>>> print(open('structure-v1.pdb').read())   # PDB, C-alpha atoms
ATOM      1  CA  MET A 635       0.000   0.000   0.000
ATOM      2  CA  ILE A 636       1.415   3.363  -1.060
ATOM      3  CA  TYR A 637       0.648   6.411   1.077
ATOM      4  CA  LYS A 638       1.878   9.255  -1.099
ATOM      5  CA  ASN A 639       0.870  11.959   1.357
ATOM      6  CA  LEU A 640       2.938  10.223   4.059
ATOM      7  CA  LYS A 641       5.763   9.244   1.705
ATOM      8  CA  SER A 642       5.362   5.748   3.081
ATOM      9  CA  ILE A 643       4.866   2.208   1.796
ATOM     10  CA  PHE A 644       3.248  -0.619   3.752
ATOM     11  CA  VAL A 645       4.385  -3.982   2.388
ATOM     12  CA  ARG A 646       1.490  -6.226   3.368
ATOM     13  CA  ILE A 647       2.413  -9.815   4.174
ATOM     14  CA  TYR A 648      -0.813 -11.732   4.639
ATOM     15  CA  LYS A 649      -1.856 -12.950   8.117
ATOM     16  CA  THR A 650       0.598 -10.752  10.004
ATOM     17  CA  GLY A 651      -1.880  -8.253  11.481
ATOM     18  CA  THR A 652      -2.067  -6.185   8.308
ATOM     19  CA  THR A 653      -5.797  -5.407   8.518
ATOM     20  CA  SER A 654      -5.346  -3.781  11.939
ATOM     21  CA  VAL A 655      -2.545  -1.626  10.553
ATOM     22  CA  LEU A 656      -4.634  -0.659   7.512
ATOM     23  CA  LYS A 657      -7.549   0.346   9.747
ATOM     24  CA  ALA A 658      -5.269   2.573  11.815
ATOM     25  CA  LEU A 659      -3.889   4.265   8.680
ATOM     26  CA  GLN A 660      -7.202   4.398   6.810
ATOM     27  CA  LYS A 661      -7.657   8.175   7.056
ATOM     28  CA  ASN A 662      -4.258   8.673   5.465
ATOM     29  CA  GLN A 663      -4.976   6.420   2.483
ATOM     30  CA  ASP A 664      -4.766   7.995  -0.954
ATOM     31  CA  SER A 665      -8.072   8.054  -2.808
ATOM     32  CA  VAL A 666      -8.372   6.063  -6.024
ATOM     33  CA  ASP A 667     -11.558   6.204  -8.090
ATOM     34  CA  LEU A 668     -13.477   3.022  -8.879
ATOM     35  CA  LYS A 669     -12.542   2.997 -12.575
ATOM     36  CA  CYS A 670      -8.842   2.943 -11.696
ATOM     37  CA  LYS A 671      -9.338   0.252  -9.048
ATOM     38  CA  ILE A 672     -11.027  -2.052 -11.566
ATOM     39  CA  TYR A 673      -8.379  -1.382 -14.230
ATOM     40  CA  ASN A 674      -5.587  -1.867 -11.714
ATOM     41  CA  LYS A 675      -6.941  -5.243 -10.577
ATOM     42  CA  LEU A 676      -7.313  -6.527 -14.129
ATOM     43  CA  PHE A 677      -3.946  -5.193 -15.215
ATOM     44  CA  PHE A 678      -2.106  -6.656 -12.230
ATOM     45  CA  ASP A 679      -3.551 -10.102 -12.979
ATOM     46  CA  TYR A 680      -2.286  -9.661 -16.535
ATOM     47  CA  LEU A 681       1.189  -8.810 -15.212
ATOM     48  CA  HIS A 682       1.238 -12.017 -13.183
ATOM     49  CA  LEU A 683       0.190 -14.114 -16.179
ATOM     50  CA  THR A 684       2.696 -12.560 -18.554
ATOM     51  CA  LYS A 685       5.427 -11.988 -15.941
ATOM     52  CA  LYS A 686       5.919  -8.457 -17.200
ATOM     53  CA  LYS A 687       7.041  -5.537 -15.063
ATOM     54  CA  LYS A 688       5.501  -2.550 -16.800
ATOM     55  CA  PHE A 689       3.109  -0.383 -14.811
ATOM     56  CA  PRO A 690       0.803   2.331 -16.166
ATOM     57  CA  LYS A 691       1.175   5.665 -14.371
ATOM     58  CA  HIS A 692      -2.059   5.409 -12.408
ATOM     59  CA  LEU A 693      -1.579   1.793 -11.265
ATOM     60  CA  MET A 694      -1.748   1.227  -7.525
ATOM     61  CA  VAL A 695       0.327  -1.862  -6.811
ATOM     62  CA  ASP A 696      -1.619  -4.981  -5.786
ATOM     63  CA  THR A 697      -2.740  -5.676  -2.208
ATOM     64  CA  HIS A 698       0.022  -8.115  -1.305
ATOM     65  CA  SER A 699       2.769  -6.880  -3.590
ATOM     66  CA  LYS A 700       6.382  -7.366  -2.616
ATOM     67  CA  ALA A 701       8.786  -4.521  -1.919
ATOM     68  CA  ILE A 702      10.501  -5.188  -5.234
ATOM     69  CA  ASP A 703       7.189  -4.523  -7.042
ATOM     70  CA  PHE A 704       6.859  -1.156  -5.305
ATOM     71  CA  ARG A 705      10.464  -0.390  -6.240
ATOM     72  CA  ASP A 706       9.827  -1.236  -9.896
ATOM     73  CA  PHE A 707       6.662   0.859  -9.863
ATOM     74  CA  LEU A 708       8.158   3.951  -8.196
ATOM     75  CA  LYS A 709      11.658   3.564  -9.667
ATOM     76  CA  ASN A 710      14.086   6.155  -8.215
ATOM     77  CA  GLU A 711      11.322   7.675  -6.104
ATOM     78  CA  TYR A 712      11.193   4.443  -4.067
ATOM     79  CA  ASN A 713      14.174   5.499  -1.966
ATOM     80  CA  GLU A 714      12.333   8.637  -0.844
ATOM     81  CA  TYR A 715       9.675   6.540   0.918
ATOM     82  CA  PHE A 716       9.677   5.024   4.401
ATOM     83  CA  LYS A 717       9.007   1.314   3.813
ATOM     84  CA  PHE A 718       7.704  -0.945   6.557
ATOM     85  CA  THR A 719       6.146  -4.372   7.051
ATOM     86  CA  PHE A 720       5.211  -6.966   9.670
ATOM     87  CA  VAL A 721       6.275 -10.598   9.859
ATOM     88  CA  ARG A 722       5.176 -13.583  11.947
ATOM     89  CA  ASN A 723       6.690 -16.699  13.480
ATOM     90  CA  PRO A 724       6.555 -19.269  10.629
ATOM     91  CA  TYR A 725       4.921 -21.926  12.841
ATOM     92  CA  ASP A 726       2.176 -19.526  13.903
ATOM     93  CA  TRP A 727       1.921 -18.057  10.397
ATOM     94  CA  GLN A 728       1.003 -21.416   8.875
ATOM     95  CA  VAL A 729      -1.518 -22.283  11.594
ATOM     96  CA  SER A 730      -3.226 -18.924  11.121
ATOM     97  CA  LEU A 731      -3.240 -19.213   7.347
ATOM     98  CA  TYR A 732      -4.594 -22.771   7.453
ATOM     99  CA  HIS A 733      -7.544 -21.845   9.661
ATOM    100  CA  PHE A 734      -8.232 -18.630   7.784
ATOM    101  CA  MET A 735      -8.404 -20.488   4.475
ATOM    102  CA  LYS A 736     -10.728 -23.123   5.944
ATOM    103  CA  GLN A 737     -13.030 -20.613   7.620
ATOM    104  CA  ASP A 738     -13.262 -17.989   4.885
ATOM    105  CA  ILE A 739     -15.346 -19.354   2.019
ATOM    106  CA  ALA A 740     -14.401 -16.293  -0.040
ATOM    107  CA  HIS A 741     -10.720 -17.228   0.015
ATOM    108  CA  ASP A 742      -9.600 -18.354  -3.434
ATOM    109  CA  GLN A 743      -8.103 -21.567  -1.996
ATOM    110  CA  HIS A 744     -10.865 -22.351   0.482
ATOM    111  CA  TYR A 745     -12.207 -25.322  -1.471
ATOM    112  CA  LEU A 746      -8.707 -26.652  -1.923
ATOM    113  CA  VAL A 747      -7.965 -26.933   1.794
ATOM    114  CA  LYS A 748     -11.398 -27.086   3.440
ATOM    115  CA  ASP A 749     -11.240 -30.870   3.880
ATOM    116  CA  MET A 750      -7.532 -31.057   4.697
ATOM    117  CA  SER A 751      -6.261 -31.911   8.148
ATOM    118  CA  PHE A 752      -3.474 -29.659   9.413
ATOM    119  CA  ASP A 753      -0.992 -32.451   8.653
ATOM    120  CA  ASP A 754      -2.249 -32.652   5.067
ATOM    121  CA  TYR A 755      -2.104 -28.893   4.733
ATOM    122  CA  ILE A 756       1.506 -28.615   5.923
ATOM    123  CA  TYR A 757       2.678 -31.373   3.582
ATOM    124  CA  TRP A 758       0.828 -29.731   0.697
ATOM    125  CA  ARG A 759       2.153 -26.294   1.568
ATOM    126  CA  CYS A 760       5.753 -27.418   1.998
ATOM    127  CA  ASN A 761       5.850 -29.641  -1.068
ATOM    128  CA  HIS A 762       3.728 -27.815  -3.589
ATOM    129  CA  GLU A 763       3.037 -24.169  -2.836
ATOM    130  CA  TYR A 764       4.965 -22.082  -0.366
ATOM    131  CA  GLU A 765       6.054 -18.474  -0.194
ATOM    132  CA  LEU A 766       8.625 -16.977   2.131
ATOM    133  CA  GLN A 767       8.016 -13.813   4.092
ATOM    134  CA  LYS A 768      11.603 -12.898   3.283
ATOM    135  CA  ASP A 769      10.711 -12.652  -0.405
ATOM    136  CA  PHE A 770       8.439  -9.707   0.384
ATOM    137  CA  VAL A 771      11.253  -7.524   1.694
ATOM    138  CA  VAL A 772      14.353  -8.249  -0.422
ATOM    139  CA  ASP A 773      15.485  -7.440  -3.938
ATOM    140  CA  GLU A 774      16.587  -9.872  -6.648
ATOM    141  CA  ASN A 775      19.979 -10.215  -4.944
ATOM    142  CA  GLY A 776      18.576 -10.929  -1.503
ATOM    143  CA  ASN A 777      19.293  -7.447  -0.130
ATOM    144  CA  LEU A 778      16.851  -5.937   2.356
ATOM    145  CA  ILE A 779      14.962  -3.034   0.756
ATOM    146  CA  VAL A 780      12.530  -1.998   3.496
ATOM    147  CA  ASP A 781      13.342   0.329   6.387
ATOM    148  CA  PHE A 782      11.457  -1.248   9.284
ATOM    149  CA  ILE A 783      10.282  -4.788  10.034
ATOM    150  CA  GLY A 784       7.789  -5.130  12.861
ATOM    151  CA  LYS A 785       6.699  -8.421  14.338
ATOM    152  CA  PHE A 786       3.174  -9.714  14.769
ATOM    153  CA  GLU A 787       4.145 -10.864  18.257
ATOM    154  CA  ASN A 788       4.847  -7.234  19.175
ATOM    155  CA  LEU A 789       2.304  -5.631  16.860
ATOM    156  CA  SER A 790       1.089  -2.726  19.010
ATOM    157  CA  GLN A 791       4.514  -1.663  20.247
ATOM    158  CA  ASP A 792       6.123  -1.895  16.818
ATOM    159  CA  PHE A 793       3.266   0.069  15.270
ATOM    160  CA  LYS A 794       3.958   2.866  17.767
ATOM    161  CA  ILE A 795       7.461   3.112  16.280
ATOM    162  CA  ILE A 796       5.977   3.429  12.790
ATOM    163  CA  SER A 797       3.398   5.964  13.958
ATOM    164  CA  LYS A 798       6.110   8.074  15.579
ATOM    165  CA  LYS A 799       8.246   7.881  12.444
ATOM    166  CA  LEU A 800       5.302   9.125  10.372
ATOM    167  CA  ASP A 801       4.422  11.737  13.011
ATOM    168  CA  LEU A 802       0.844  10.467  13.328
ATOM    169  CA  GLY A 803       0.298   9.672  16.994
ATOM    170  CA  LEU A 804      -1.842   6.640  16.147
ATOM    171  CA  ILE A 805      -2.460   3.464  18.145
ATOM    172  CA  LEU A 806      -3.865   0.149  16.983
ATOM    173  CA  SER A 807      -7.395  -0.873  17.839
ATOM    174  CA  GLU A 808      -7.633  -3.788  20.274
ATOM    175  CA  LYS A 809     -10.323  -5.264  18.036
ATOM    176  CA  LYS A 810      -9.076  -8.122  15.863
ATOM    177  CA  PHE A 811      -9.916  -8.020  12.168
ATOM    178  CA  LYS A 812     -10.115 -11.088   9.910
ATOM    179  CA  SER A 813      -8.582 -13.228  12.626
ATOM    180  CA  SER A 814      -9.075 -16.991  12.449
ATOM    181  CA  ARG A 815     -10.192 -19.086  15.410
ATOM    182  CA  HIS A 816      -7.643 -21.615  16.590
ATOM    183  CA  ASN A 817      -5.591 -22.804  19.543
ATOM    184  CA  HIS A 818      -1.990 -21.862  20.219
ATOM    185  CA  TYR A 819       0.173 -22.921  17.291
ATOM    186  CA  SER A 820       2.345 -25.194  19.441
ATOM    187  CA  THR A 821      -0.538 -27.655  19.844
ATOM    188  CA  TYR A 822      -0.693 -28.410  16.112
ATOM    189  CA  TYR A 823       2.818 -29.645  15.432
ATOM    190  CA  THR A 824       4.234 -33.148  15.544
ATOM    191  CA  LYS A 825       7.988 -33.646  15.183
ATOM    192  CA  LYS A 826       7.537 -34.445  11.494
ATOM    193  CA  LEU A 827       5.451 -31.362  10.805
ATOM    194  CA  LYS A 828       7.897 -29.155  12.685
ATOM    195  CA  SER A 829      10.769 -30.636  10.704
ATOM    196  CA  ALA A 830       8.983 -29.905   7.418
ATOM    197  CA  VAL A 831       8.364 -26.262   8.347
ATOM    198  CA  ASP A 832      11.899 -25.898   9.725
ATOM    199  CA  GLU A 833      13.359 -26.981   6.405
ATOM    200  CA  VAL A 834      11.112 -25.139   3.971
ATOM    201  CA  PHE A 835      10.913 -21.876   5.927
ATOM    202  CA  HIS A 836      14.529 -21.952   7.102
ATOM    203  CA  ASP A 837      15.320 -18.587   5.502
ATOM    204  CA  ASP A 838      12.428 -16.917   7.321
ATOM    205  CA  PHE A 839      13.543 -18.287  10.685
ATOM    206  CA  GLU A 840      17.081 -17.089  10.053
ATOM    207  CA  PHE A 841      16.369 -13.747   8.385
ATOM    208  CA  PHE A 842      13.814 -12.581  10.949
ATOM    209  CA  LYS A 843      15.592 -14.211  13.913
ATOM    210  CA  TYR A 844      12.847 -16.618  14.974
ATOM    211  CA  LYS A 845      13.951 -19.650  16.947
ATOM    212  CA  LYS A 846      13.051 -23.100  15.716
ATOM    213  CA  GLU A 847      11.389 -23.914  19.002
ATOM    214  CA  ILE A 848       7.858 -24.908  19.894
TER
END
>>> encode(input="structure-v1.pdb", output="structure tokens")
Amino acid sequence: MIYKNLKSIFVRIYKTGTTSVLKALQKNQDSVDLKCKIYNKLFFDYLHLTKKKKFPKHLMVDTHSKAIDFRDFLKNEYNEYFKFTFVRNPYDWQVSLYHFMKQDIAHDQHYLVKDMSFDDYIYWRCNHEYELQKDFVVDENGNLIVDFIGKFENLSQDFKIISKKLDLGLILSEKKFKSSRHNHYSTYYTKKLKSAVDEVFHDDFEFFKYKKEI
């Protein structure tokens, strides 16, 4: 999400408390008319299909775009922005995503995972379709290209740092938005499941300094 009036970019990694952050910053969001929103959505899908990196001038980058997409969109202007994001413990991240996908019938992969056990889901995720949080914040050479990385586990306190940086004086609402219902993530993992996540999400554990402990 680009906030031109704040000279700030929020790199939204799904299921890391992003909706709460968006709600807090809502009044500072740049307005985009409906015609542009529709065009932007269609055009971004086209970019994904064709793997092209050409953006029209009025394109607002997609909801969960990576920092590198914002950089390509803004070009040299990218360095003038304060870029921030939030990340989450990979064990907890997968539990949250699993339950969210099962509970939200509007999710585009709901019918794919709705009948999966958590074991099935982890094996599917690790073997067929996974995405690293690290990929959202680095360039093509693996260099960090955001200015601040907050953690879901310290969401309110880390948001205060962002709010102070942007001179906003905002605090996060205690209300949870789009949160899935589930037990503590530690109750879902067997040794085999933990091992699978440890291996596939190794770079996330290392890059964001999460311990491989449950």
>>> resolve_selection(input="structure-v1.pdb", expression="the PyMOL selection byres ((chain A and resi 793) around 9)", output="list in words")
Val655, Gly784, Asn788, Leu789, Ser790, Gln791, Asp792, Lys794, Ile795, Ile796, Ser797, Lys798, Leu804, Ile805 and Leu806 of chain A
>>> residues_around(input="structure-v1.pdb", residues="stretch 820-832 of chain A", least_positions_apart="4", cutoff="12 Å", atoms="only C-alpha atoms", output="compact mmCIF listing (two decimals) with C-alpha atoms, in the frame of the given file")
# COMPACT_ATOMS: atom_id res chain seq x y z
CA ASN A 723 6.69 -16.70 13.48
CA PRO A 724 6.56 -19.27 10.63
CA TYR A 725 4.92 -21.93 12.84
CA ASP A 726 2.18 -19.53 13.90
CA TRP A 727 1.92 -18.06 10.40
CA GLN A 728 1.00 -21.42 8.88
CA VAL A 729 -1.52 -22.28 11.59
CA SER A 730 -3.23 -18.92 11.12
CA TYR A 732 -4.59 -22.77 7.45
CA HIS A 733 -7.54 -21.84 9.66
CA SER A 751 -6.26 -31.91 8.15
CA PHE A 752 -3.47 -29.66 9.41
CA ASP A 753 -0.99 -32.45 8.65
CA ASP A 754 -2.25 -32.65 5.07
CA TYR A 755 -2.10 -28.89 4.73
CA ILE A 756 1.51 -28.62 5.92
CA TYR A 757 2.68 -31.37 3.58
CA TRP A 758 0.83 -29.73 0.70
CA ARG A 759 2.15 -26.29 1.57
CA CYS A 760 5.75 -27.42 2.00
CA ASN A 761 5.85 -29.64 -1.07
CA TYR A 764 4.96 -22.08 -0.37
CA GLU A 765 6.05 -18.47 -0.19
CA LEU A 766 8.62 -16.98 2.13
CA HIS A 816 -7.64 -21.62 16.59
CA HIS A 836 14.53 -21.95 7.10
CA ASP A 837 15.32 -18.59 5.50
CA ASP A 838 12.43 -16.92 7.32
CA PHE A 839 13.54 -18.29 10.68
CA GLU A 840 17.08 -17.09 10.05
CA TYR A 844 12.85 -16.62 14.97
CA LYS A 845 13.95 -19.65 16.95
CA LYS A 846 13.05 -23.10 15.72
CA GLU A 847 11.39 -23.91 19.00
CA ILE A 848 7.86 -24.91 19.89
>>> resolve_selection(input="structure-v1.pdb", expression="the PyMOL selection byres ((chain A and resi 771) around 12)", output="ChimeraX atom specification")
/A:643-647,698-705,717-721,766-770,772-784,838,841-842
>>> atom_distance(input="structure-v1.pdb", atom1="atom CA of A:Phe734", atom2="atom CA of A:Lys843")
25.0 Å
>>> atom_distance(input="structure-v1.pdb", atom1="atom CA of A:Thr652", atom2="atom CA of A:Asp749")
26.7 Å
